[in-house]
file data_11.cif (mmCIF, C-alpha atoms)
data_query
#
loop_
_atom_site.label_atom_id
_atom_site.label_comp_id
_atom_site.auth_asym_id
_atom_site.auth_seq_id
_atom_site.Cartn_x
_atom_site.Cartn_y
_atom_site.Cartn_z
CA MET L 1 0.00 0.00 0.00
CA ALA L 2 1.29 3.44 -0.89
CA THR L 3 2.25 5.75 1.95
CA ARG L 4 2.78 9.48 1.95
CA GLY L 5 6.51 8.78 1.55
CA SER L 6 6.13 6.41 -1.37
CA VAL L 7 4.03 8.98 -3.22
CA LEU L 8 6.26 11.96 -2.52
CA ARG L 9 9.67 10.29 -2.50
CA SER L 10 11.95 11.78 -5.16
CA ALA L 11 14.75 10.27 -7.19
CA ALA L 12 17.03 13.04 -6.01
CA GLY L 13 16.69 12.01 -2.38
CA ALA L 14 17.06 8.30 -3.06
CA ALA L 15 20.15 8.73 -5.24
CA VAL L 16 22.54 9.30 -2.39
CA LEU L 17 23.47 6.52 -0.02
CA ALA L 18 26.89 7.57 1.19
CA GLY L 19 27.41 11.16 2.21
CA ILE L 20 26.33 14.46 0.72
CA PRO L 21 22.77 14.52 -0.65
CA SER L 22 22.25 14.73 -4.40
CA PHE L 23 21.32 18.40 -4.43
CA ALA L 24 24.87 19.14 -3.30
CA ARG L 25 26.11 18.71 -6.83
CA ALA L 26 23.61 21.08 -8.42
CA ALA L 27 24.41 24.64 -9.40
CA GLY L 28 22.52 27.84 -8.60
CA PRO L 29 21.97 30.36 -5.81
CA LYS L 30 22.05 29.17 -2.24
CA PRO L 31 18.80 29.19 -0.31
CA VAL L 32 19.35 29.22 3.45
CA VAL L 33 17.88 26.49 5.67
CA ARG L 34 17.99 27.32 9.38
CA ILE L 35 18.15 24.30 11.68
CA GLY L 36 17.09 24.88 15.26
CA PHE L 37 19.55 22.70 17.17
CA LEU L 38 17.95 22.06 20.57
CA ASP L 39 19.94 19.87 22.94
CA SER L 40 21.25 19.58 26.50
CA PHE L 41 24.22 21.91 26.22
CA SER L 42 24.05 22.27 30.01
CA GLY L 43 22.70 19.98 32.71
CA VAL L 44 23.12 16.27 33.29
CA PHE L 45 23.42 15.36 29.59
CA ALA L 46 25.75 18.21 28.58
CA ASP L 47 28.74 15.95 27.92
CA ILE L 48 26.75 13.92 25.37
CA ALA L 49 25.27 16.98 23.67
CA ALA L 50 28.75 18.42 23.17
CA TYR L 51 29.62 15.43 20.97
CA HIS L 52 26.35 15.78 19.07
CA LYS L 53 27.30 19.39 18.42
CA ALA L 54 30.79 18.56 17.15
CA GLY L 55 29.41 16.02 14.69
CA ALA L 56 26.58 18.26 13.53
CA GLU L 57 28.86 21.22 12.93
CA LEU L 58 31.19 19.09 10.83
CA ALA L 59 28.26 17.84 8.74
CA VAL L 60 27.04 21.39 8.12
CA ALA L 61 30.55 22.44 7.12
CA ASP L 62 30.71 19.57 4.63
CA LEU L 63 27.28 20.38 3.20
CA ASN L 64 28.03 24.08 2.88
CA ALA L 65 31.38 23.44 1.22
CA LYS L 66 29.92 21.35 -1.59
CA GLY L 67 26.22 22.11 -1.79
CA ARG L 68 23.95 24.71 -3.33
CA ILE L 69 22.02 25.09 -0.02
CA ALA L 70 23.45 27.01 2.90
CA TYR L 71 22.70 25.44 6.27
CA GLU L 72 22.78 27.38 9.53
CA LEU L 73 22.63 25.92 13.03
CA VAL L 74 20.70 28.06 15.50
CA TYR L 75 21.25 26.82 19.03
CA GLY L 76 18.87 26.32 21.91
CA ASP L 77 19.90 24.88 25.30
CA ASP L 78 17.25 22.76 26.98
CA ALA L 79 19.42 22.48 30.13
CA SER L 80 18.29 18.84 30.39
CA LYS L 81 14.86 20.06 31.58
CA PRO L 82 11.55 19.58 29.70
CA ALA L 83 10.12 22.96 30.76
CA VAL L 84 13.20 24.76 29.47
CA ALA L 85 13.08 22.71 26.27
CA THR L 86 9.54 23.74 25.41
CA THR L 87 10.35 27.41 26.05
CA GLU L 88 13.47 27.21 23.89
CA ALA L 89 11.61 25.38 21.13
CA ARG L 90 9.01 28.16 21.01
CA ARG L 91 11.78 30.76 20.88
CA LEU L 92 13.53 29.01 18.01
CA VAL L 93 10.29 28.72 16.05
CA THR L 94 8.62 32.05 16.74
CA GLN L 95 11.61 34.38 17.18
CA GLU L 96 14.49 32.76 15.33
CA LYS L 97 12.18 31.54 12.53
CA VAL L 98 14.07 28.26 12.11
CA ASP L 99 12.88 25.94 9.35
CA VAL L 100 13.19 22.66 11.26
CA LEU L 101 14.10 21.44 14.75
CA PHE L 102 16.87 18.92 15.42
CA GLY L 103 18.73 17.30 18.32
CA GLY L 104 17.91 16.00 21.75
CA THR L 105 19.23 13.55 24.33
CA SER L 106 16.66 13.34 27.13
CA SER L 107 13.60 11.12 26.73
CA ALA L 108 11.50 13.38 28.94
CA ILE L 109 12.31 16.27 26.61
CA GLY L 110 11.69 14.16 23.52
CA LEU L 111 8.23 13.26 24.81
CA ALA L 112 7.46 16.91 25.57
CA LEU L 113 8.55 18.17 22.15
CA GLY L 114 6.46 15.80 20.04
CA PRO L 115 3.02 17.32 20.64
CA LEU L 116 4.51 20.81 20.86
CA CYS L 117 6.05 20.54 17.39
CA ASP L 118 2.72 19.32 16.01
CA SER L 119 0.98 22.37 17.47
CA LEU L 120 3.71 24.72 16.23
CA GLY L 121 3.67 23.16 12.77
CA ILE L 122 7.40 22.41 12.56
CA PHE L 123 9.24 19.22 11.63
CA ASN L 124 11.45 17.76 14.37
CA LEU L 125 14.21 15.15 14.02
CA GLU L 126 15.09 13.80 17.47
CA LEU L 127 18.56 12.33 17.89
CA GLY L 128 19.09 10.41 21.10
CA PRO L 129 16.02 9.92 23.32
CA PHE L 130 15.43 6.21 23.97
CA ASP L 131 11.88 6.13 25.36
CA SER L 132 10.00 3.64 23.19
CA ALA L 133 6.76 5.62 23.57
CA ILE L 134 8.16 8.39 21.35
CA THR L 135 7.64 6.06 18.40
CA GLY L 136 4.82 4.17 20.06
CA GLU L 137 1.68 5.31 21.83
CA LYS L 138 3.01 8.89 22.13
CA ALA L 139 4.20 9.23 18.53
CA SER L 140 3.58 12.56 16.84
CA ARG L 141 2.93 13.54 13.28
CA LEU L 142 5.89 15.85 12.69
CA THR L 143 8.58 14.07 14.74
CA TYR L 144 10.92 11.31 13.59
CA ARG L 145 13.64 9.61 15.67
CA PHE L 146 17.19 9.04 14.37
CA GLY L 147 18.61 6.82 17.14
CA PRO L 148 17.14 3.46 18.20
CA ASN L 149 14.45 3.23 20.84
CA SER L 150 15.20 1.35 24.05
CA ARG L 151 13.57 -1.86 22.81
CA MET L 152 15.80 -1.86 19.72
CA SER L 153 19.01 -0.95 21.51
CA LEU L 154 18.53 -3.61 24.18
CA ARG L 155 17.79 -6.59 21.94
CA PRO L 156 21.43 -7.58 21.25
CA LEU L 157 22.27 -7.28 24.95
CA ALA L 158 19.19 -9.28 25.92
CA ASN L 159 20.34 -12.05 23.59
CA ARG L 160 23.76 -12.12 25.25
CA LEU L 161 22.93 -11.65 28.94
CA PRO L 162 21.59 -15.13 29.84
CA ALA L 163 24.95 -16.69 29.02
CA LEU L 164 26.66 -14.52 31.65
CA GLY L 165 24.83 -15.88 34.68
CA LYS L 166 21.48 -16.70 36.25
CA LYS L 167 21.32 -14.36 39.24
CA TRP L 168 21.21 -10.65 38.38
CA TYR L 169 21.35 -7.50 40.47
CA PHE L 170 19.86 -4.42 38.78
CA ILE L 171 21.01 -0.84 39.35
CA GLN L 172 18.36 1.31 37.70
CA ALA L 173 18.28 5.07 37.13
CA ASP L 174 14.83 6.53 37.75
CA TYR L 175 14.07 7.73 34.23
CA ALA L 176 12.49 6.45 31.02
CA LEU L 177 15.41 4.43 29.68
CA GLY L 178 16.07 2.87 33.07
CA ARG L 179 12.44 1.84 33.48
CA ASP L 180 12.22 0.47 29.94
CA ALA L 181 15.45 -1.47 30.39
CA TYR L 182 14.47 -3.00 33.71
CA ALA L 183 11.07 -4.07 32.38
CA LEU L 184 12.57 -5.73 29.30
CA LEU L 185 15.62 -7.34 30.90
CA SER L 186 13.86 -8.58 34.02
CA ASP L 187 11.37 -10.28 31.71
CA VAL L 188 14.29 -11.91 29.86
CA LEU L 189 15.61 -13.11 33.22
CA LYS L 190 12.27 -14.71 34.13
CA HIS L 191 12.00 -16.49 30.79
CA THR L 192 15.48 -17.98 31.15
CA SER L 193 14.77 -19.41 34.63
CA GLY L 194 17.03 -16.89 36.30
CA SER L 195 16.42 -14.97 39.52
CA GLU L 196 16.78 -11.41 40.70
CA ALA L 197 19.35 -10.86 43.44
CA GLY L 198 18.32 -7.24 43.96
CA HIS L 199 16.97 -4.12 42.34
CA ASP L 200 17.93 -0.60 43.39
CA ILE L 201 16.23 2.41 41.81
CA LEU L 202 18.36 5.54 42.15
CA PRO L 203 17.79 9.17 41.14
CA LEU L 204 19.27 10.35 37.84
CA GLY L 205 22.55 12.10 38.62
CA THR L 206 23.51 9.83 41.54
CA ALA L 207 27.23 10.16 42.29
CA ASP L 208 27.68 7.84 45.29
CA PHE L 209 26.77 4.21 44.67
CA SER L 210 28.49 2.90 47.83
CA PRO L 211 25.33 1.71 49.65
CA THR L 212 24.24 -0.25 46.60
CA MET L 213 27.70 -1.75 46.05
CA THR L 214 27.72 -2.96 49.65
CA LYS L 215 24.39 -4.69 49.12
CA ILE L 216 25.59 -6.23 45.86
CA ARG L 217 28.69 -7.63 47.55
CA ASN L 218 26.48 -9.54 49.97
CA SER L 219 23.76 -10.50 47.48
CA GLY L 220 25.22 -13.61 45.86
CA ALA L 221 24.66 -12.10 42.41
CA ASP L 222 26.71 -13.40 39.52
CA VAL L 223 25.84 -10.52 37.15
CA VAL L 224 25.38 -6.82 37.86
CA VAL L 225 23.15 -5.16 35.26
CA LEU L 226 23.41 -1.37 34.99
CA ALA L 227 20.08 0.04 33.83
CA ASN L 228 21.51 3.56 33.69
CA SER L 229 23.56 5.62 31.27
CA GLY L 230 25.74 8.70 30.87
CA ILE L 231 27.85 9.80 33.81
CA ASP L 232 25.72 7.64 36.14
CA ALA L 233 26.91 4.51 34.33
CA ALA L 234 30.53 5.67 34.35
CA ASN L 235 30.40 6.41 38.09
CA SER L 236 28.76 3.09 38.92
CA VAL L 237 31.38 1.23 36.85
CA LYS L 238 34.22 2.93 38.70
CA GLN L 239 32.71 2.13 42.10
CA PHE L 240 31.96 -1.44 41.03
CA VAL L 241 35.72 -1.83 40.56
CA GLN L 242 36.63 0.13 43.70
CA PHE L 243 34.59 -2.34 45.75
CA GLY L 244 36.42 -5.25 44.10
CA LEU L 245 33.22 -6.63 42.62
CA HIS L 246 34.86 -7.16 39.23
CA LYS L 247 36.72 -10.08 40.83
CA GLN L 248 33.50 -11.72 42.00
CA MET L 249 30.89 -11.26 39.26
CA LYS L 250 30.19 -10.23 35.67
CA LEU L 251 29.19 -6.73 34.60
CA ALA L 252 26.74 -5.69 31.88
CA GLY L 253 24.76 -2.57 31.12
CA ILE L 254 22.38 -0.82 28.82
CA ASN L 255 24.66 2.07 27.88
CA LEU L 256 28.23 2.92 28.79
CA GLU L 257 28.98 5.89 26.56
CA ASP L 258 32.26 5.54 24.71
CA ILE L 259 33.07 9.15 25.61
CA TYR L 260 34.10 7.85 29.05
CA ALA L 261 36.72 5.46 27.67
CA LYS L 262 39.58 7.31 29.37
CA THR L 263 37.83 7.72 32.72
CA VAL L 264 36.75 4.15 33.47
CA PRO L 265 39.19 1.32 34.38
CA LEU L 266 39.12 -0.58 31.09
CA ASP L 267 41.46 -3.38 32.14
CA ASP L 268 39.35 -4.15 35.21
CA ILE L 269 36.11 -4.39 33.26
CA ALA L 270 37.46 -5.89 30.01
CA GLY L 271 34.88 -8.28 28.61
CA ALA L 272 31.91 -6.56 30.25
CA SER L 273 28.89 -6.39 27.92
CA PHE L 274 27.07 -3.20 26.95
CA THR L 275 24.82 -1.97 24.19
CA VAL L 276 26.66 -0.15 21.40
CA LEU L 277 25.08 2.69 19.44
CA TRP L 278 27.47 2.63 16.46
CA THR L 279 30.80 1.17 15.43
CA PRO L 280 33.24 2.78 12.97
CA ASN L 281 33.95 -0.68 11.51
CA ALA L 282 30.34 -1.48 10.59
CA SER L 283 30.61 -0.77 6.86
CA ASP L 284 32.53 1.13 4.19
CA SER L 285 30.37 4.20 4.84
CA ALA L 286 31.07 3.93 8.58
CA ARG L 287 34.82 3.69 7.97
CA LYS L 288 34.71 6.71 5.65
CA LEU L 289 32.75 8.66 8.24
CA ALA L 290 35.22 7.71 10.97
CA ALA L 291 38.10 8.85 8.76
CA ARG L 292 36.35 12.16 8.08
CA ILE L 293 35.65 12.80 11.74
CA GLY L 294 39.18 11.75 12.66
CA LYS L 295 40.62 14.57 10.57
CA VAL L 296 39.10 17.23 12.81
CA VAL L 297 38.37 15.60 16.17
CA LYS L 298 41.11 15.21 18.74
CA GLY L 299 40.93 11.90 20.55
CA PRO L 300 38.66 8.88 20.07
CA ILE L 301 35.72 8.98 17.68
CA SER L 302 32.43 8.51 19.49
CA ALA L 303 29.05 7.15 18.47
CA ARG L 304 27.78 10.55 19.56
CA HIS L 305 29.86 12.18 16.81
CA PHE L 306 28.05 9.81 14.46
CA TYR L 307 24.68 10.88 15.88
CA GLY L 308 25.38 14.56 15.20
CA TYR L 309 26.94 14.06 11.77
CA GLY L 310 24.62 11.32 10.58
CA GLY L 311 21.54 13.08 11.87
CA ILE L 312 22.30 16.24 9.93
CA MET L 313 23.09 14.28 6.76
CA ALA L 314 19.86 12.29 7.09
CA LEU L 315 17.88 15.49 7.58
CA ALA L 316 19.53 17.15 4.57
CA ASP L 317 18.85 14.06 2.46
CA ARG L 318 15.14 14.22 3.23
CA ILE L 319 14.92 17.99 2.73
CA ALA L 320 16.26 17.24 -0.73
CA GLY L 321 13.68 14.51 -1.16
CA ALA L 322 10.83 16.79 -0.11
CA GLY L 323 12.14 19.81 -2.03
CA THR L 324 10.78 22.00 0.74
CA THR L 325 10.87 22.71 4.47
CA ASP L 326 7.08 22.47 4.69
CA ALA L 327 6.65 20.37 7.82
CA GLU L 328 4.06 17.89 6.56
CA LYS L 329 5.73 17.39 3.19
CA LEU L 330 9.07 16.89 4.91
CA ALA L 331 7.60 14.30 7.29
CA ALA L 332 6.10 12.55 4.26
CA ALA L 333 9.52 12.46 2.59
CA PHE L 334 10.83 10.39 5.51
CA ASP L 335 8.04 7.82 5.30
CA ASP L 336 9.46 4.38 4.40
CA HIS L 337 12.59 5.88 2.85
CA PRO L 338 15.71 3.65 2.87
CA TRP L 339 18.97 5.20 4.06
CA HIS L 340 22.44 3.70 4.45
CA GLY L 341 22.69 4.86 8.06
CA TYR L 342 26.50 4.37 8.18
CA LYS L 343 25.84 0.75 9.18
CA ALA L 344 26.17 -2.62 7.46
CA ASN L 345 22.53 -3.10 6.48
CA PRO L 346 20.24 -0.43 5.00
CA SER L 347 18.27 1.52 7.57
CA VAL L 348 14.63 2.46 6.89
CA TRP L 349 12.53 5.35 8.18
CA HIS L 350 9.33 3.57 9.23
CA GLY L 351 6.37 5.66 8.16
CA CYS L 352 4.04 3.82 10.51
CA ASP L 353 5.75 4.87 13.73
CA HIS L 354 8.44 7.41 12.65
CA GLN L 355 11.34 5.28 13.87
CA LEU L 356 14.59 4.70 11.96
CA ALA L 357 14.93 0.91 11.88
CA GLN L 358 18.66 0.15 11.93
CA ASP L 359 21.32 -2.36 12.92
CA THR L 360 21.83 -2.52 16.69
CA TYR L 361 24.79 -3.97 18.60
CA ALA L 362 26.19 -5.25 21.85
CA GLY L 363 29.89 -5.03 22.56
CA ALA L 364 32.49 -6.28 25.01
CA ILE L 365 34.79 -3.76 26.67
CA VAL L 366 38.37 -3.98 25.39
CA GLY L 367 41.49 -3.59 27.48
CA SER L 368 43.62 -0.46 27.56
CA LYS L 369 46.25 -1.81 25.13
CA THR L 370 43.63 -2.60 22.50
CA PHE L 371 41.98 0.76 23.07
CA ALA L 372 45.32 2.52 22.60
CA LYS L 373 45.62 0.89 19.17
CA THR L 374 42.04 1.20 17.94
CA GLN L 375 40.78 4.22 19.88
CA TYR L 376 37.49 2.37 20.20
CA VAL L 377 36.25 0.91 23.47
CA PHE L 378 34.05 -1.96 22.23
CA ASP L 379 34.55 -5.22 20.38
CA ILE L 380 31.20 -6.02 18.74
CA VAL L 381 29.96 -9.41 19.97
CA ALA L 382 26.24 -9.40 19.04
CA GLU L 383 24.18 -7.75 16.32
CA VAL L 384 20.53 -7.49 15.32
CA PRO L 385 20.09 -6.40 11.68
CA ALA L 386 17.87 -3.48 10.75
CA SER L 387 15.18 -5.68 9.24
CA GLU L 388 14.71 -7.44 12.60
CA SER L 389 15.43 -4.54 14.93
CA ASP L 390 11.94 -3.20 15.59
CA GLY L 391 9.31 -5.52 14.24
CA THR L 392 6.85 -4.53 11.53
CA CYS L 393 4.06 -2.04 11.13
CA ASP L 394 1.75 -4.69 12.56
CA SER L 395 3.66 -4.76 15.85
CA PRO L 396 1.66 -3.48 18.86
CA TRP L 397 3.81 -0.38 19.31
CA ALA L 398 3.57 0.51 15.61
CA VAL L 399 -0.22 0.08 15.66
CA ALA L 400 -0.36 2.41 18.68
CA ALA L 401 1.90 4.90 16.91
CA LYS L 402 -0.25 4.93 13.76
CA LYS L 403 -3.30 5.68 15.90
CA ALA L 404 -1.52 8.52 17.70
CA ILE L 405 -0.16 10.01 14.46
CA ALA L 406 -3.58 9.86 12.80
CA ALA L 407 -5.15 11.65 15.77
CA ALA L 408 -2.58 14.46 15.85
CA THR L 409 -3.54 17.97 14.79
CA VAL L 410 -0.94 20.09 13.01
CA GLY L 411 -0.92 23.81 13.69
CA LYS L 412 -0.20 26.53 11.17
CA ARG L 413 2.95 28.64 11.40
CA ASP L 414 1.76 32.21 11.10
CA GLY L 415 4.06 34.39 9.04
CA TYR L 416 6.22 31.47 7.87
CA THR L 417 6.80 30.61 4.22
CA PRO L 418 8.38 27.18 3.69
CA LYS L 419 11.68 27.21 1.80
CA VAL L 420 11.67 25.69 -1.68
CA VAL L 421 14.94 23.87 -2.31
#
call {"tool": "encode", "arguments": {"input": "data_11.cif", "output": "structure tokens"}}
result
Amino acid sequence: MATRGSVLRSAAGAAVLAGIPSFARAAGPKPVVRIGFLDSFSGVFADIAAYHKAGAELAVADLNAKGRIAYELVYGDDASKPAVATTEARRLVTQEKVDVLFGGTSSAIGLALGPLCDSLGIFNLELGPFDSAITGEKASRLTYRFGPNSRMSLRPLANRLPALGKKWYFIQADYALGRDAYALLSDVLKHTSGSEAGHDILPLGTADFSPTMTKIRNSGADVVVLANSGIDAANSVKQFVQFGLHKQMKLAGINLEDIYAKTVPLDDIAGASFTVLWTPNASDSARKLAARIGKVVKGPISARHFYGYGGIMALADRIAGAGTTDAEKLAAAFDDHPWHGYKANPSVWHGCDHQLAQDTYAGAIVGSKTFAKTQYVFDIVAEVPASESDGTCDSPWAVAAKKAIAAATVGKRDGYTPKVV
């Protein structure tokens, strides 16, 4: 059955699978597309957003150097708070007159922006929020998600975890990804005849995990599962080692950001299993991207560089496909469109739920000597291909998303004329 995307998809947008969109080779005057880049440039997720920014700025520089469209990034800082995010989004739309919105790390903010962007009548490409509801029962008409949802990102880890042990202790951050992860992984544990040694729910931003580590030491657990991310995961890893628990049990987790490679004790946790957002060795396009980023970035290349760079390139590709920044036409240009995704298998923008279906990975932590050679913290040990990563449009979450998208009302942007590109 034809979707909005299959009707409106253009040959120009589909022609490019590895880098600059096809319009970049055309001649003519440069229209200006203003991208409202809203992310957590301060607050608990500021370290991640800084990597998004570095990747995005490099992508814009590459587009502007070779293309006939001039892209501008207009920044908004959500301070890792939903209330600030909605205020900043309104400012970017009504005062800065941006053409599209882009970015994001926090799930709470991602959930808040979906209905707001519908009401404001602006397209929004979210980068990093994991909450599955964003492309499920709380999906919105004008928002797509670039990164995997929590269900997708956890599948390779869930496949690997049962082999590590049968008695798990969960450390969960009290936020959307932590709740999603605990629900999914505890269910995996039950279905593999395992048992739960303990489950601590801690506030986001916890720095001292000592009370929990003491309980773990006396729990009889054979696997500690970190259902947290960001600096919380890095701090819990360090204290796991400080308490000597790495000598007693296995470690796994839903997200240890590779940006912390030089701050966690790699040799003490070598072999620990974590989800992996992207690997520079996934494909030829991934290797080319890593080489490009490596020319300008000092230090290791992160998956978060990929998020910023790849997200901008994906957005530019679909602006080319739509030929306009009109929000509804741009959303339609994403529907069911295949994209290389800088991974081994083609990614696809699912029109039914607005999720980018893509390869997802689990990796084992490498030791410091290997890291010194490769500058990458994970050895990929499990993979789920894009075609299997998030079910079909008949899956329960996709059915819920279609219902939510169909019920959404799109507002009109007063005084705004969409760009024709």
call {"tool": "residues_near_point", "arguments": {"input": "data_11.cif", "point": "(19.0, 1.9, 39.1)", "cutoff": "8 Å", "atoms": "only C-alpha atoms", "output": "list in words"}}
result
Phe170, Ile171, Gln172, Ala173, Asp174, Gly178, His199, Asp200, Ile201, Leu202, Pro203, Leu226, Ala227 and Asn228 of chain L
call {"tool": "residues_around", "arguments": {"input": "data_11.cif", "residues": "Cys117 of chain L", "least_positions_apart": "4", "cutoff": "9 Å", "atoms": "all atoms listed in the file", "output": "PDB file with C-alpha atoms, keeping the file's coordinate frame"}}
result
ATOM      1  CA  ALA L  89      11.610  25.380  21.130  1.00  0.00           C
ATOM      2  CA  ARG L  90       9.010  28.160  21.010  1.00  0.00           C
ATOM      3  CA  LEU L 101      14.100  21.440  14.750  1.00  0.00           C
ATOM      4  CA  LEU L 113       8.550  18.170  22.150  1.00  0.00           C
ATOM      5  CA  GLY L 121       3.670  23.160  12.770  1.00  0.00           C
ATOM      6  CA  ILE L 122       7.400  22.410  12.560  1.00  0.00           C
ATOM      7  CA  PHE L 123       9.240  19.220  11.630  1.00  0.00           C
ATOM      8  CA  ASN L 124      11.450  17.760  14.370  1.00  0.00           C
ATOM      9  CA  SER L 140       3.580  12.560  16.840  1.00  0.00           C
ATOM     10  CA  ARG L 141       2.930  13.540  13.280  1.00  0.00           C
ATOM     11  CA  LEU L 142       5.890  15.850  12.690  1.00  0.00           C
ATOM     12  CA  THR L 143       8.580  14.070  14.740  1.00  0.00           C
ATOM     13  CA  VAL L 410      -0.940  20.090  13.010  1.00  0.00           C
ATOM     14  CA  GLY L 411      -0.920  23.810  13.690  1.00  0.00           C
TER      15      GLY L 411
END
call {"tool": "residues_around", "arguments": {"input": "data_11.cif", "residues": "segment 60-77 of chain L", "least_positions_apart": "5", "cutoff": "6 Å", "atoms": "only C-alpha atoms", "output": "number ranges by chain"}}
result
L: 24, 30-41, 88
call {"tool": "atom_distance", "arguments": {"input": "data_11.cif", "atom1": "atom CA of Leu256 of chain L", "atom2": "atom CA of Ala234 of chain L"}}
result
6.6 Å
call {"tool": "closest_residue", "arguments": {"input": "data_11.cif", "among": "L:Val44, L:Val93, L:Val98, L:Tyr175", "to": "Ala79 of chain L", "atoms": "only C-alpha atoms"}}
result
L:Val44
call {"tool": "residues_around", "arguments": {"input": "data_11.cif", "residues": "segment 415-419 of chain L", "least_positions_apart": "6", "cutoff": "8 Å", "atoms": "only C-alpha atoms", "output": "list in words"}}
result
Pro31, Val33, Lys97, Asp99, Thr324, Thr325 and Asp326 of chain L
call {"tool": "resolve_selection", "arguments": {"input": "data_11.cif", "expression": "the PyMOL selection byres ((chain L and resi 219) around 10)", "output": "count of residues only"}}
result
15
call {"tool": "atom_distance", "arguments": {"input": "data_11.cif", "atom1": "atom CA of Ser107 of chain L", "atom2": "atom CA of Gly136 of chain L"}}
result
13.0 Å
call {"tool": "residues_around", "arguments": {"input": "data_11.cif", "residues": "Ala314 of chain L", "least_positions_apart": "4", "cutoff": "9 Å", "atoms": "all atoms listed in the file", "output": "list in words"}}
result
Pro21, Phe146, Tyr309, Gly310, Arg318, Ile319, Trp339 and Gly341 of chain L
call {"tool": "atom_distance", "arguments": {"input": "data_11.cif", "atom1": "atom CA of Ala139 of chain L", "atom2": "atom CA of Ala401 of chain L"}}
result
5.2 Å
call {"tool": "residues_near_point", "arguments": {"input": "data_11.cif", "point": "(25.2, -4.2, 24.1)", "cutoff": "12 Å", "atoms": "only C-alpha atoms", "output": "number ranges by chain"}}
result
L: 150-161, 181, 225-227, 251-257, 271-279, 359-365, 378-384
call {"tool": "resolve_selection", "arguments": {"input": "data_11.cif", "expression": "the PyMOL selection byres ((chain L and resi 135) around 9)", "output": "PyMOL selection string"}}
result
chain L and resi 131-134+136-140+143-145+149+352-355+397-398+400-401
call {"tool": "decode", "arguments": {"input": "data_11.cif", "residues": "segment 66-78 of chain L", "atoms": "N, CA and C atoms", "output": "PDB file, in the first residue's frame"}}
result
ATOM      1  N   LYS L  66      30.158  22.002  -0.309  1.00  0.00           N
ATOM      2  CA  LYS L  66      29.925  21.353  -1.595  1.00  0.00           C
ATOM      3  C   LYS L  66      28.521  21.548  -2.151  1.00  0.00           C
ATOM      4  N   GLY L  67      27.623  22.088  -1.372  1.00  0.00           N
ATOM      5  CA  GLY L  67      26.225  22.112  -1.795  1.00  0.00           C
ATOM      6  C   GLY L  67      25.745  23.468  -2.278  1.00  0.00           C
ATOM      7  N   ARG L  68      24.549  23.467  -2.859  1.00  0.00           N
ATOM      8  CA  ARG L  68      23.953  24.713  -3.329  1.00  0.00           C
ATOM      9  C   ARG L  68      22.996  25.293  -2.296  1.00  0.00           C
ATOM     10  N   ILE L  69      22.846  24.586  -1.127  1.00  0.00           N
ATOM     11  CA  ILE L  69      22.019  25.085  -0.024  1.00  0.00           C
ATOM     12  C   ILE L  69      22.934  25.447   1.130  1.00  0.00           C
ATOM     13  N   ALA L  70      22.696  26.596   1.722  1.00  0.00           N
ATOM     14  CA  ALA L  70      23.453  27.007   2.897  1.00  0.00           C
ATOM     15  C   ALA L  70      22.667  26.609   4.147  1.00  0.00           C
ATOM     16  N   TYR L  71      23.317  25.842   5.012  1.00  0.00           N
ATOM     17  CA  TYR L  71      22.698  25.443   6.271  1.00  0.00           C
ATOM     18  C   TYR L  71      23.259  26.267   7.419  1.00  0.00           C
ATOM     19  N   GLU L  72      22.373  26.658   8.322  1.00  0.00           N
ATOM     20  CA  GLU L  72      22.780  27.376   9.528  1.00  0.00           C
ATOM     21  C   GLU L  72      22.240  26.637  10.749  1.00  0.00           C
ATOM     22  N   LEU L  73      23.073  26.475  11.756  1.00  0.00           N
ATOM     23  CA  LEU L  73      22.631  25.923  13.030  1.00  0.00           C
ATOM     24  C   LEU L  73      22.322  27.068  13.984  1.00  0.00           C
ATOM     25  N   VAL L  74      21.121  27.062  14.521  1.00  0.00           N
ATOM     26  CA  VAL L  74      20.695  28.064  15.498  1.00  0.00           C
ATOM     27  C   VAL L  74      20.451  27.322  16.805  1.00  0.00           C
ATOM     28  N   TYR L  75      21.205  27.651  17.835  1.00  0.00           N
ATOM     29  CA  TYR L  75      21.248  26.822  19.034  1.00  0.00           C
ATOM     30  C   TYR L  75      20.209  27.203  20.082  1.00  0.00           C
ATOM     31  N   GLY L  76      19.708  26.171  20.731  1.00  0.00           N
ATOM     32  CA  GLY L  76      18.867  26.324  21.911  1.00  0.00           C
ATOM     33  C   GLY L  76      19.310  25.319  22.957  1.00  0.00           C
ATOM     34  N   ASP L  77      19.451  25.741  24.204  1.00  0.00           N
ATOM     35  CA  ASP L  77      19.902  24.880  25.296  1.00  0.00           C
ATOM     36  C   ASP L  77      18.704  24.487  26.149  1.00  0.00           C
ATOM     37  N   ASP L  78      18.386  23.188  26.169  1.00  0.00           N
ATOM     38  CA  ASP L  78      17.246  22.756  26.983  1.00  0.00           C
ATOM     39  C   ASP L  78      17.629  22.510  28.440  1.00  0.00           C
TER      40      ASP L  78
END
